[in-house]
Amino acid sequence: MHPVAYIPSPSQGVWHLGPVPLRAYAIMIILGIVAAVWLGERRWAAKGGTPGVIIDVAVWAVPFGLVGGRLYHVVTDYQRYFGEGGDPIRALEVWKGGLGIWGAVALGAVGAIIGCRRRGISVLALGDAVAPGIALAQAIGRWGNYWNQELYGRPLDTFWALKIDENHRPMLDGGPGLDPKYADVATYHPTFLYESLWCVGVAILVIWADRRYKLTHGRAFALYVAAYTVGRGWIEALRIDDAHHVLGLRLNDWTSIVVFAGAVAYLYLARGRTGPENVGAPASAAPSAAPAAAEPEEPDGTTAVAAAGHADEEPAEEPAAQDEVAEAAAPETEEPAPAAGEPEAAPEADGGEPEATSSEEPEPAPEAPEAPEEGPAPEAKADEPAEPEADPEPEPEPESDPEAEPEAGARTETPAAEAEDEAGENEADGATAHDRVEKGEPVKDGK
């Protein structure tokens, strides 16, 4: 039976680079692992995990998975290697095919647990991240069966049928000859293609369901297992390669049923599991102390605390500044030392306001009254008493100005005025210094 249209088989599956053989089966397995790690890293990062974790865990999971896959194949087909006429050395020839997905996933999970414990992360969270990647890896790896022309299905006469060369068709048990039932049949079901497409669909299903229902705590991985086993069940029923049968079903069919039941049970039992998962993300550093309360800013941009600090410093600096002004304004003549407790008067040469200094706690000086506009005020020297003039001309009395009146309670007597009182002499016009002060003369002591 030779249909007009079919899928051709490759002429070879091995290429040699000198003494190094490049086998298509191994290349497909490697490409599948790379795809699984790539997709797993992206999904792990989306969970908030640390980049590079999938690669680190894969260092443990991949070797364990390869050993587990080979062990499952050898155990389930032991007659090929340990039966009559078998060769145990062939059990090590992995490049010729023969990796059972059930053993690969089971022992690969052991390696993943070891890697997760070393990194201190949840194996369930990691399983959810890599589940679609594992399905994608299976989809790519199944093309290794195509290059080896193995694991095909029953005869098929249609355009998508797979052509199998004569030396790869089913053989008689224990003999090198072809099975008469398939000697003239060239095309068969491409079960490798069915499973590859099914695995792609499983990967898409898991990604969609995870985004739609937020599958955590291993539920995404359980969904992958359940969906894969459904497809593997009907695909396994199409295959005609040698296998053990139990109650009329192939061994892999029974394995699919048991694993499917376990996955569905886990999905049901874990349906309400929520909460955060340990993905090993670096915790954000918590502040060691509560932040200080924000200080209100003054209009000029300084804080209130800084402004208060400057305000406290001003009184301490003011006496020094006043002393400098007093020394600059004081006359060169000697001044009598003031009595204890009395302020030192230092009148200015220009008739301005004297600055009062004290050794005790400084007090802010009140504003001195302004000098009257009409006529200059007579100057009084602190070092000698005021003597009456011989024939003074009468001075016009300045008009009283409310602004020039001294403040209430301020002392208006000066050392010069006290000296005049002690002498008992008045001015020519009979007005005392005290009267002149009341009439608007500038205050000599601002205390």
# chains A, B, ... in the order shown; residues from 1 in each chain; ligands from 1
>>> residues_around(residues="Ala109 (chain A)", least_positions_apart="6", cutoff="12 Å", atoms="only C-alpha atoms", output="list in words")
Val57, Ala58, Trp60, Ala61, Val62, Pro63, Phe64, Gly65, Leu66, Val67, Gly68, Gly69, Ile101, Trp102, Gly103, Gly115, Cys116, Val123, Leu124, Leu126, Gly127, Val130, Ala131, Ile134 and Phe221 of chain A
>>> atom_distance(atom1="CA of Pro51 (chain A)", atom2="CA of Pro132 (chain A)")
17.8 Å
>>> atom_distance(atom1="CA of Leu22 (chain A)", atom2="CA of Asp165 (chain A)")
21.2 Å
>>> atom_distance(atom1="CA of Phe260 (chain A)", atom2="CA of Ala226 (chain A)")
4.8 Å
>>> select_by_dssp(residues="region 92-187 of chain A", states="helix (DSSP H, G or I)", output="NGL selection string")
:A and (92 or 94-96 or 101-119 or 123-141 or 143-148 or 166-168 or 180-182)
>>> closest_residue(among="A:Pro176, A:Gly133, A:Gly280, A:Gly120", to="Ala220 (chain A)", atoms="only C-alpha atoms")
A:Gly133
>>> residues_around(residues="Trp44 (chain A)", least_positions_apart="5", cutoff="9 Å", atoms="only C-alpha atoms", output="ChimeraX atom specification")
/A:39,49-51,53-54,125-126,128-130,279
>>> write_last_selection(atoms="N, CA and C atoms", output="PDB file, in the first residue's frame")
ATOM      1  N   LEU A  39      11.380  29.125  28.851  1.00  0.00           N
ATOM      2  CA  LEU A  39      10.017  29.472  29.245  1.00  0.00           C
ATOM      3  C   LEU A  39       9.861  29.452  30.766  1.00  0.00           C
ATOM      4  N   GLY A  49      10.292  35.555  41.267  1.00  0.00           N
ATOM      5  CA  GLY A  49      11.458  34.792  41.691  1.00  0.00           C
ATOM      6  C   GLY A  49      12.760  35.396  41.202  1.00  0.00           C
ATOM      7  N   THR A  50      13.831  34.933  41.779  1.00  0.00           N
ATOM      8  CA  THR A  50      15.156  35.411  41.422  1.00  0.00           C
ATOM      9  C   THR A  50      15.585  34.831  40.079  1.00  0.00           C
ATOM     10  N   PRO A  51      16.080  35.658  39.154  1.00  0.00           N
ATOM     11  CA  PRO A  51      16.540  35.127  37.872  1.00  0.00           C
ATOM     12  C   PRO A  51      17.686  34.130  38.054  1.00  0.00           C
ATOM     13  N   VAL A  53      17.317  30.903  38.779  1.00  0.00           N
ATOM     14  CA  VAL A  53      16.967  29.767  39.631  1.00  0.00           C
ATOM     15  C   VAL A  53      16.631  28.545  38.792  1.00  0.00           C
ATOM     16  N   ILE A  54      15.896  28.732  37.685  1.00  0.00           N
ATOM     17  CA  ILE A  54      15.499  27.585  36.848  1.00  0.00           C
ATOM     18  C   ILE A  54      16.732  26.885  36.288  1.00  0.00           C
ATOM     19  N   ALA A 125       5.895  25.813  43.753  1.00  0.00           N
ATOM     20  CA  ALA A 125       5.925  27.052  42.966  1.00  0.00           C
ATOM     21  C   ALA A 125       6.790  26.882  41.723  1.00  0.00           C
ATOM     22  N   LEU A 126       7.918  26.200  41.871  1.00  0.00           N
ATOM     23  CA  LEU A 126       8.776  25.968  40.712  1.00  0.00           C
ATOM     24  C   LEU A 126       8.096  25.050  39.704  1.00  0.00           C
ATOM     25  N   ASP A 128       4.915  24.817  39.081  1.00  0.00           N
ATOM     26  CA  ASP A 128       3.947  25.620  38.326  1.00  0.00           C
ATOM     27  C   ASP A 128       4.638  26.451  37.249  1.00  0.00           C
ATOM     28  N   ALA A 129       5.827  26.942  37.550  1.00  0.00           N
ATOM     29  CA  ALA A 129       6.535  27.785  36.580  1.00  0.00           C
ATOM     30  C   ALA A 129       7.039  26.988  35.381  1.00  0.00           C
ATOM     31  N   VAL A 130       7.495  25.761  35.616  1.00  0.00           N
ATOM     32  CA  VAL A 130       8.117  24.989  34.531  1.00  0.00           C
ATOM     33  C   VAL A 130       7.142  24.055  33.828  1.00  0.00           C
ATOM     34  N   VAL A 279       9.249  31.952  46.730  1.00  0.00           N
ATOM     35  CA  VAL A 279       9.940  31.941  45.443  1.00  0.00           C
ATOM     36  C   VAL A 279      11.369  32.443  45.571  1.00  0.00           C
TER      37      VAL A 279
END
>>> residues_around(residues="Leu136 (chain A)", least_positions_apart="6", cutoff="7 Å", atoms="only C-alpha atoms", output="short mmCIF file (atom, residue, chain, number, x, y, z; two decimals) with all heavy atoms, in the first residue's frame")
data_model
loop_
_atom_site.label_atom_id
_atom_site.label_comp_id
_atom_site.auth_asym_id
_atom_site.auth_seq_id
_atom_site.Cartn_x
_atom_site.Cartn_y
_atom_site.Cartn_z
N GLY A 32 14.72 20.68 23.35
CA GLY A 32 13.58 20.69 24.26
C GLY A 32 13.94 21.20 25.65
O GLY A 32 13.18 21.95 26.26
N ALA A 35 14.33 24.99 25.52
CA ALA A 35 13.02 25.66 25.47
C ALA A 35 12.34 25.64 26.83
O ALA A 35 11.72 26.64 27.25
CB ALA A 35 12.13 24.99 24.43
N ALA A 36 12.44 24.52 27.55
CA ALA A 36 11.82 24.43 28.87
C ALA A 36 12.46 25.40 29.85
O ALA A 36 11.76 26.07 30.63
CB ALA A 36 11.93 23.00 29.40
N CYS A 199 1.07 18.21 22.98
CA CYS A 199 1.88 18.85 24.02
C CYS A 199 1.91 20.37 23.85
O CYS A 199 1.91 21.12 24.84
CB CYS A 199 3.29 18.29 24.02
SG CYS A 199 3.41 16.59 24.63
N VAL A 200 1.94 20.83 22.61
CA VAL A 200 1.87 22.28 22.39
C VAL A 200 0.54 22.81 22.91
O VAL A 200 0.48 23.87 23.56
CB VAL A 200 2.05 22.60 20.89
CG1 VAL A 200 1.76 24.07 20.62
CG2 VAL A 200 3.47 22.26 20.44
N ALA A 203 0.65 23.02 26.71
CA ALA A 203 1.41 24.19 27.17
C ALA A 203 0.55 25.45 27.10
O ALA A 203 0.53 26.27 28.03
CB ALA A 203 2.69 24.35 26.35
#
